[in-house]
Amino acid sequence: MTDKKPRILLVDDEPNIIKVVGRRLEAEGFEVIPAMDGESAFEKARSGKPDLVILDLMLPGLNGYEVCRLLKAGAGTWNIPVIMLTARVQESDEARGFECGTDAYIGKPFRARELLDKIRQLLPKGSTQA
């Protein structure tokens with residue numbers, strides 16, 4: 001199917017972030033898979049094979065660092081690009097994110113255009129560009 005929408009797993013424990021960011025992504029032509037905790041995020045990534053993951057750090061259960069580490073170590077998930085989208089903006093937080101394998105790190109508050117540009121940059125080339 002050539003008009004398949006790129007699938008984005010959006011992980012945040014704040015329902016408002018899921019709602020606002022999710023709507024914007026859908027308006028840009030993406031299919032959004034929401035998750036509100038680390039365990040369900042990891043399971044949805046393993047079973048749903050999204051094209052990209054947007055991941056908060058401060059999550060119930062597994063935190064974003066742990067989820068990213070698990071994704072990057074998994075046989076079926078290692079190549080899924082991960083964007084950390086978080087209020088944790090200290091240099092040490094960002095460095096730890098990259099140590100876990102994140103592909104990009106964006107601090108909150110953020111500009112929608114910055115996020116969309118990073119998504120398009122990181123989407124696998126085989127994905128239909130939204």
# chains A, B, ... in the order shown; residues from 1 in each chain; ligands from 1
call {"tool": "select_by_dssp", "arguments": {"residues": "chain A", "states": "strand (DSSP E)", "output": "number ranges by chain"}}
result
A: 7-11, 31-35, 52-55, 82-86, 104-107
call {"tool": "residues_around", "arguments": {"residues": "Glu39 of chain A", "least_positions_apart": "4", "cutoff": "7 Å", "atoms": "only C-alpha atoms", "output": "VMD selection string"}}
result
chain A and resid 43 61 to 62
call {"tool": "atom_distance", "arguments": {"atom1": "atom CA of Leu70 of chain A", "atom2": "atom CA of Arg111 of chain A"}}
result
27.9 Å
call {"tool": "closest_atom_pairs", "arguments": {"of": "segment 55-123 of chain A", "to": "segment 11-19 of chain A", "cutoff": "9 Å", "atoms": "only C-alpha atoms", "output": "tab-separated table"}}
result
residue	atom	partner	partner_atom	distance
A:Leu55	CA	A:Val11	CA	4.9
A:Asp56	CA	A:Asp12	CA	5.2
A:Leu57	CA	A:Asp12	CA	8.1
A:Met58	CA	A:Asp13	CA	7.7
A:Leu59	CA	A:Asp13	CA	5.8
A:Pro60	CA	A:Asp13	CA	7.3
A:Gly64	CA	A:Val11	CA	8.7
A:Leu85	CA	A:Asp12	CA	8.7
A:Thr86	CA	A:Asp12	CA	9.0
call {"tool": "write_last_selection", "arguments": {"atoms": "N, CA and C atoms", "output": "tab-separated table (two decimals), in the first residue's frame"}}
result
chain	number	residue	atom	x	y	z
A	55	LEU	N	9.23	10.15	22.82
A	55	LEU	CA	9.31	9.57	24.16
A	55	LEU	C	9.61	10.61	25.23
A	56	ASP	N	8.72	10.72	26.22
A	56	ASP	CA	8.97	11.55	27.39
A	56	ASP	C	9.93	10.79	28.30
A	57	LEU	N	10.62	11.50	29.19
A	57	LEU	CA	11.53	10.84	30.12
A	57	LEU	C	10.84	10.42	31.41
A	58	MET	N	10.04	11.32	31.97
A	58	MET	CA	9.44	11.08	33.27
A	58	MET	C	8.10	10.36	33.09
A	59	LEU	N	8.17	9.03	33.20
A	59	LEU	CA	7.01	8.17	32.98
A	59	LEU	C	6.82	7.26	34.19
A	60	PRO	N	5.57	6.84	34.44
A	60	PRO	CA	5.37	5.83	35.47
A	60	PRO	C	5.97	4.50	35.02
A	64	GLY	N	11.79	7.01	30.49
A	64	GLY	CA	12.15	7.13	29.08
A	64	GLY	C	13.53	6.60	28.74
A	85	LEU	N	11.32	13.86	24.01
A	85	LEU	CA	10.63	15.15	24.12
A	85	LEU	C	10.31	15.31	25.59
A	86	THR	N	11.06	16.19	26.27
A	86	THR	CA	11.02	16.21	27.72
A	86	THR	C	11.25	17.59	28.32
call {"tool": "select_by_dssp", "arguments": {"residues": "chain A", "states": "alpha helix (DSSP H)", "output": "ChimeraX atom specification"}}
result
/A:15-27,38-48,64-73,91-100,112-122
call {"tool": "residues_around", "arguments": {"residues": "Ile83 of chain A", "least_positions_apart": "3", "cutoff": "9 Å", "atoms": "only C-alpha atoms", "output": "list of chain:residue names"}}
result
A:Leu52, A:Val53, A:Ile54, A:Leu55, A:Asp56, A:Thr102, A:Asp103, A:Ala104, A:Tyr105, A:Ile106, A:Leu115, A:Lys118, A:Ile119, A:Leu122
call {"tool": "atom_distance", "arguments": {"atom1": "atom CA of Met84 of chain A", "atom2": "atom CA of Gly29 of chain A"}}
result
20.6 Å
call {"tool": "residues_around", "arguments": {"residues": "Arg46 of chain A", "least_positions_apart": "3", "cutoff": "8 Å", "atoms": "only C-alpha atoms", "output": "list in words"}}
result
Phe42, Glu43, Lys49, Gly76 and Thr77 of chain A
call {"tool": "closest_residue", "arguments": {"among": "A:Asp51, A:Asp37, A:Glu28, A:Glu94", "to": "Leu9 of chain A", "atoms": "only C-alpha atoms"}}
result
A:Asp51
call {"tool": "closest_residue", "arguments": {"among": "A:Leu25, A:Cys100, A:Leu123, A:Ala95", "to": "Ile80 of chain A", "atoms": "only C-alpha atoms"}}
result
A:Leu123
